[in-house]
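Chemist: Dumping the structure here so I can ask a few things about it.
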Amino acid sequence: MKTTILTAAIFFSGLSLAQQKKTDSTKTKDIEAVVLTKQVFKKQTDRFVYDVAASPVAKGNTTFDLLRQTPLLSTTDDKNLKIAGKNNALIYINGRKSNMDAESLVQFLKNTPAENIQKIEVITMPGSEFQVEASDGIINIVLKKKMSDGLNGNMRMANQQNKYNGSSASFSANYRKDKLGISSNLYGGENIQGQQYVLRNGNASSSNESTGNIDDPNLYIGGYLNFDYQLTEKSNLALSWNTNANKSYNSTVNLFNTIRSFDAENSAYITNYTNSRNKEDARSYNNSVNLNYELKTDSLGSKLNLNAAYLNFRRFQFTENKTILSDANGTDGLVSQTINQNLPQIINNFSGTVDYIQKFKKDFTVAVGGNFNKTKTDNDTRSDTFAVGKDPEFRPNHFIYDENIYGAYLTLEKKFSDKFSGKAGTRYEITNSLGTSDNAALEYRKIERNYNNLLPYLSFNYAINDKNNLSYGFSSRMRRPSFWELNPVRNILTEDNYTQNNPFVKASSTYNQELTYMYKNSYFLILNHSLSKDVITQVPLQRDILKDRKDRDGNVVIDPATNLPYQDTYKQLRYIRTNFGDKQEMTATVGMQKTFFKQYLTTNFTIGVQRNMNDGSLSIDPTSGDVFPIYENRISSTSILIQTNNTIRLDKKKTWFLGVNFFYVDKQQIELGMLKNLSSLDLSIKKNWNDWTFALNLTDVLRTNIVEIEDYQANGNYNYVKNDQFRQGGTFSITYNFGNQKVKKVRDIEGASDAIKSRTR
């Protein structure tokens, strides 16, 4: 509470001082006049371009705030950015994938002034030269080129209040002297991620219900250090190091379980109660080093790019899962079962890429390149079960996964006229993998896979006239399973409810088509179709199992007529990570990006209709061979998607800004069932005062961003999940920019291992 009061005092005192500052109104008018002559938003051959330098939204914002205002982009959790119609968005800087882990990247975006950005490119269908997964899109941030030497940087402090209070701080600096550039960032913070669950599954004869909370405390620190040296006028050498460490000790799960089963002999339901008390200690470390060499080969922009990288990821996880007999009031009784798990994962990756771009006269470009990734994951896990009345069960398993990926691509791009341009390419990938286990009792003790994929790409852009633009694109991609998905371990929530990873998961394929029409570079229509084969997802399998009836003290209840234990029917629910049939998505989106009332209001609005068509079924656990009643998802759904981001300038001096953001996602059928509608209203107010920025952001004001999924099967089984992550809250931040703001930015280099990094999360 003291921290909140202190930051509020600083905030309001800063506002009162800021009123004393005068600005040159004539200069402001001149700037506005120049801005109005530029195209803020336009479509090129393979991307949308948002001219930030011509937008009134940029002044005083951070890069992350600016991205939230960019057409086609959205965020529902203030961390992850998504492109309309895409599963994920990868961040590139000056055409190269950012060499930062997820936490560092968020901090970087939230602490980089938007004034440093020239434009933002949204690539909904990346070409063959990009290493992306499935239907991922790309956000490319193009920085302004500044030539002055010197030092600049910024400091940021933030305090966030949701269910729990959290705080963070960061410091970044950029230095350039002649041919040498150094860029660094250091951040840290702590928070407790709270969640609330309601889980129900079963049928008319038996059912389980679990309700309770999960609290996950996190303490983290990280940063990056980049060196860039200009060897000659045509060549550069760069070295970068990224690091991140996270500690999550005493993470707890507290669930109250109600188990009902039908006793046919007595024609009555029998109800048992248990508590799940889980405790987890986990820590993770992520370090990567990348060496880059770039050589410009002519004056047209042709260049050679070489990368070599090493990535080391380590996660250590210790869990204690207790099932405690209880009464209807949730009072703890005897501990009936304890499962202790040691679940480490170590990933080492060596990577290399070669890219060469040859530009010719008459607007013709040829790009060719290749990449190599060698990855080894080491998972020396152990699961020990201690149950009352049974012998202990010990399940060690040392699973090692080796993967080699070889890739090559060719891309041709041609501007045929001022109106018509096109781009075509293909990517060829070879994947060799071997998974081995030292537990001979397991059927997955050796899994070997070798496969090749040819992935074509094609796009065209036609400017009908100065007001109308039409474009089309096609791409094919693969989605390889993340390394954690292949690690054959169970993550236990309750005694009969757990997730199961799967070493048999294979890569899926995705085929995307997109047709786009733009009018006056402000209004757009996007038609998108996506077909995914062998979708990688989590499938809920449930079945009836028999257990001896026990009283609250753990004693087996004996039937006096037979002198045998009473047996009750329990529901077992496994969320299996596996390939689950095919899926089609069709989306039609209409939107606009426009300023009104002499740039006092900037609006980014989209509305769309999405059609999901699922076709999958599963009845056998692929990791054990256990047979379950069939789970099917052959349901289609049509839903409406609405998003609007609005920035309102409150004063003529451009120092006060109000943000009003809203999204609505209609209910839709996903792999786990019917996802109920989601929405969120976010409000923000910001004050710019000299080199200081004070901001207050309120998220999920109406508390409507809560996930609910329900599914009903033809065989009578049902499954219901409600997950509240307490997104309603507020964040107050103070940012200070210092130094020479004309510092030339250090080159941001795409790490050769970046394609592998995303699969560690």
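FYI, nothing fancy with the structure tokens labels: chains A, B, ... in order, residues from 1 per chain, ligands from 1 as they appear.
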At a cut-off of 9 Å, using only C-alpha atoms, what residues contact Gly212 of chain A? Leave out same-chain residues fewer than 5 positions from it and give the result as a count of residues only.
Modeler: 9
Chemist: Kindly give the distance, in Å, that separates atom CA of Thr735 of chain A and atom CA of Leu186 of chain A, rounded to a single decimal.
Modeler: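 Between these atoms lies a distance of 14.6 Å.
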Chemist: Would you give me, as number ranges by chain, the residues in segment 440-658 of chain A that DSSP reads as strand (DSSP E)?
Modeler: A: 446-463, 468-479, 490-494, 497-500, 508-519, 523-533, 536-548, 558-559, 564-565, 567-579, 582-596, 601-620, 627-633, 636-649, 656-658
Chemist: Take the residues from that selection and write them out as a short mmCIF file (atom, residue, chain, number, x, y, z; two decimals), in the first residue's frame, keeping C-alpha atoms.
Modeler:
```cif
data_model
loop_
_atom_site.label_atom_id
_atom_site.label_comp_id
_atom_site.auth_asym_id
_atom_site.auth_seq_id
_atom_site.Cartn_x
_atom_site.Cartn_y
_atom_site.Cartn_z
CA LYS A 446 13.38 -45.04 -29.40
CA ILE A 447 11.51 -42.77 -31.81
CA GLU A 448 13.20 -41.85 -35.09
CA ARG A 449 11.75 -39.51 -37.69
CA ASN A 450 13.12 -38.23 -41.00
CA TYR A 451 11.05 -36.06 -43.31
CA ASN A 452 11.47 -33.47 -46.06
CA ASN A 453 9.18 -30.56 -46.90
CA LEU A 454 8.89 -28.25 -49.91
CA LEU A 455 7.16 -25.00 -48.89
CA PRO A 456 6.16 -22.68 -51.77
CA TYR A 457 5.21 -19.01 -51.46
CA LEU A 458 3.56 -16.53 -53.85
CA SER A 459 2.24 -12.97 -53.59
CA PHE A 460 1.06 -10.21 -55.94
CA ASN A 461 0.19 -6.55 -55.44
CA TYR A 462 -1.78 -4.42 -57.90
CA ALA A 463 -2.36 -0.68 -57.43
CA ASN A 468 -7.54 1.38 -54.74
CA ASN A 469 -5.08 -1.46 -54.08
CA LEU A 470 -5.52 -5.23 -54.46
CA SER A 471 -3.15 -8.00 -53.31
CA TYR A 472 -3.08 -11.79 -52.98
CA GLY A 473 -0.76 -14.17 -51.15
CA PHE A 474 -0.27 -17.91 -50.65
CA SER A 475 2.13 -19.63 -48.28
CA SER A 476 2.75 -23.07 -46.81
CA ARG A 477 4.43 -23.67 -43.47
CA MET A 478 5.24 -26.33 -40.89
CA ARG A 479 4.59 -26.26 -37.17
CA ARG A 490 2.77 -35.70 -16.62
CA ASN A 491 1.91 -32.37 -15.06
CA ILE A 492 -0.50 -33.27 -12.27
CA LEU A 493 -3.33 -30.99 -11.21
CA THR A 494 -5.34 -33.49 -9.16
CA ASN A 497 -6.75 -34.81 -13.67
CA TYR A 498 -3.43 -34.18 -15.39
CA THR A 499 -1.78 -33.18 -18.68
CA GLN A 500 0.36 -35.66 -20.60
CA SER A 508 1.85 -30.29 -38.70
CA SER A 509 1.37 -28.43 -41.99
CA THR A 510 -0.47 -25.18 -42.63
CA TYR A 511 -1.57 -23.64 -45.95
CA ASN A 512 -2.61 -19.99 -45.98
CA GLN A 513 -4.31 -17.81 -48.58
CA GLU A 514 -5.08 -14.12 -48.24
CA LEU A 515 -6.81 -11.54 -50.46
CA THR A 516 -6.61 -7.88 -49.46
CA TYR A 517 -8.31 -4.75 -50.79
CA MET A 518 -7.40 -1.24 -49.60
CA TYR A 519 -9.13 2.06 -50.28
CA TYR A 523 -9.93 1.34 -45.27
CA PHE A 524 -9.24 -2.34 -45.90
CA LEU A 525 -10.92 -5.68 -46.47
CA ILE A 526 -9.01 -8.91 -45.79
CA LEU A 527 -10.23 -12.39 -46.76
CA ASN A 528 -8.17 -15.20 -45.25
CA HIS A 529 -8.32 -18.99 -45.50
CA SER A 530 -6.11 -21.35 -43.48
CA LEU A 531 -5.96 -25.16 -43.65
CA SER A 532 -3.99 -27.03 -40.98
CA LYS A 533 -3.23 -30.75 -41.24
CA ILE A 536 -0.94 -30.11 -32.63
CA THR A 537 -3.18 -29.48 -29.64
CA GLN A 538 -4.37 -30.75 -26.27
CA VAL A 539 -7.20 -33.30 -26.31
CA PRO A 540 -9.31 -34.12 -23.21
CA LEU A 541 -9.78 -37.89 -22.84
CA GLN A 542 -11.87 -39.18 -19.94
CA ARG A 543 -12.90 -42.64 -18.79
CA ASP A 544 -14.37 -44.46 -15.79
CA ILE A 545 -11.97 -46.19 -13.38
CA LEU A 546 -12.75 -48.25 -10.26
CA LYS A 547 -11.25 -47.48 -6.87
CA ASP A 548 -11.69 -48.91 -3.40
CA ILE A 558 -15.73 -53.36 3.41
CA ASP A 559 -18.98 -54.79 2.06
CA LEU A 564 -14.70 -57.31 -0.22
CA PRO A 565 -14.01 -53.59 -0.54
CA GLN A 567 -15.61 -50.03 -5.33
CA ASP A 568 -16.76 -46.69 -6.66
CA THR A 569 -16.56 -45.32 -10.19
CA TYR A 570 -14.26 -42.33 -10.64
CA LYS A 571 -13.68 -40.12 -13.66
CA GLN A 572 -10.13 -39.92 -14.93
CA LEU A 573 -9.33 -36.95 -17.19
CA ARG A 574 -6.15 -36.74 -19.25
CA TYR A 575 -5.28 -33.76 -21.41
CA ILE A 576 -3.14 -35.41 -24.08
CA ARG A 577 -0.78 -33.35 -26.24
CA THR A 578 -1.07 -34.91 -29.71
CA ASN A 579 -1.95 -34.48 -33.39
CA ASP A 582 -7.49 -31.12 -39.48
CA LYS A 583 -8.81 -27.61 -39.04
CA GLN A 584 -9.94 -24.85 -41.38
CA GLU A 585 -10.32 -21.17 -40.56
CA MET A 586 -11.95 -18.59 -42.83
CA THR A 587 -11.95 -14.92 -41.84
CA ALA A 588 -13.36 -11.78 -43.43
CA THR A 589 -12.15 -8.57 -41.78
CA VAL A 590 -13.12 -4.96 -42.51
CA GLY A 591 -11.17 -2.16 -40.89
CA MET A 592 -9.92 1.37 -40.99
CA GLN A 593 -7.07 3.50 -39.66
CA LYS A 594 -8.06 7.15 -39.59
CA THR A 595 -7.57 10.46 -37.80
CA PHE A 596 -10.38 12.92 -37.16
CA LEU A 601 -8.76 11.57 -32.43
CA THR A 602 -6.89 8.62 -33.95
CA THR A 603 -8.98 5.50 -34.50
CA ASN A 604 -8.00 1.97 -35.43
CA PHE A 605 -11.12 -0.15 -35.91
CA THR A 606 -11.67 -3.69 -37.22
CA ILE A 607 -14.67 -5.98 -37.36
CA GLY A 608 -14.64 -9.47 -38.77
CA VAL A 609 -16.41 -12.76 -39.15
CA GLN A 610 -14.52 -16.01 -38.51
CA ARG A 611 -15.59 -19.52 -39.48
CA ASN A 612 -13.88 -22.45 -37.70
CA MET A 613 -14.26 -25.99 -39.03
CA ASN A 614 -12.80 -28.82 -36.94
CA ASP A 615 -12.38 -32.46 -37.94
CA GLY A 616 -10.66 -34.61 -35.32
CA SER A 617 -11.24 -37.70 -33.18
CA LEU A 618 -9.19 -39.65 -30.62
CA SER A 619 -9.87 -42.69 -28.44
CA ILE A 620 -6.41 -44.05 -27.56
CA VAL A 627 -8.44 -46.99 -24.53
CA PHE A 628 -10.97 -44.23 -23.81
CA PRO A 629 -14.48 -43.45 -25.05
CA ILE A 630 -13.98 -41.58 -28.31
CA TYR A 631 -13.52 -37.82 -28.16
CA GLU A 632 -14.71 -36.07 -31.32
CA ASN A 633 -14.68 -32.50 -32.51
CA SER A 636 -18.09 -25.77 -36.98
CA SER A 637 -18.78 -22.30 -35.61
CA THR A 638 -19.15 -18.76 -36.89
CA SER A 639 -18.15 -15.85 -34.67
CA ILE A 640 -17.79 -12.09 -34.75
CA LEU A 641 -14.56 -10.29 -33.83
CA ILE A 642 -14.48 -6.58 -32.96
CA GLN A 643 -11.53 -4.43 -31.96
CA THR A 644 -11.12 -0.69 -31.62
CA ASN A 645 -8.14 1.33 -30.38
CA ASN A 646 -8.61 5.06 -29.88
CA THR A 647 -6.17 7.76 -28.84
CA ILE A 648 -7.66 11.12 -27.88
CA ARG A 649 -5.39 14.15 -27.65
CA TRP A 656 -2.14 14.85 -22.42
CA PHE A 657 -3.53 11.70 -24.07
CA LEU A 658 -6.46 9.45 -23.28
#
```
Chemist: With distances taken over only C-alpha atoms, which of A:Tyr273, A:Tyr224, A:Tyr50, A:Phe372 is nearest to Ser326 of chain A?
Modeler: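 Among A:Tyr273, A:Tyr224, A:Tyr50, A:Phe372, it is A:Tyr273 that comes nearest to Ser326 of chain A.
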Chemist: Please report the interatomic distance between atom CA of Phe597 of chain A and atom CA of Lys520 of chain A in Å with one decimal.
Modeler: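 Straight-line distance from atom CA of Phe597 of chain A to atom CA of Lys520 of chain A works out to 18.1 Å.
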Chemist: For atom CA of Gly127 of chain A and atom CA of Leu306 of chain A, determine how far apart the two atoms are, in Å to one decimal place.
Modeler: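 Answer for the atom CA of Gly127 of chain A to atom CA of Leu306 of chain A separation: 19.2 Å.
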Chemist: Between A:Thr699, A:Thr693, A:Asn140, A:Ser206, single out the one closest to Ile91 of chain A, counting only C-alpha atoms.
Modeler: A:Asn140
Chemist: Measuring atom to atom with only C-alpha atoms, identify which of A:Leu180, A:Leu650, A:Val106, A:Ile357 is nearest to Ile685 of chain A.
Modeler: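 Smallest separation from Ile685 of chain A among the options: A:Leu650.
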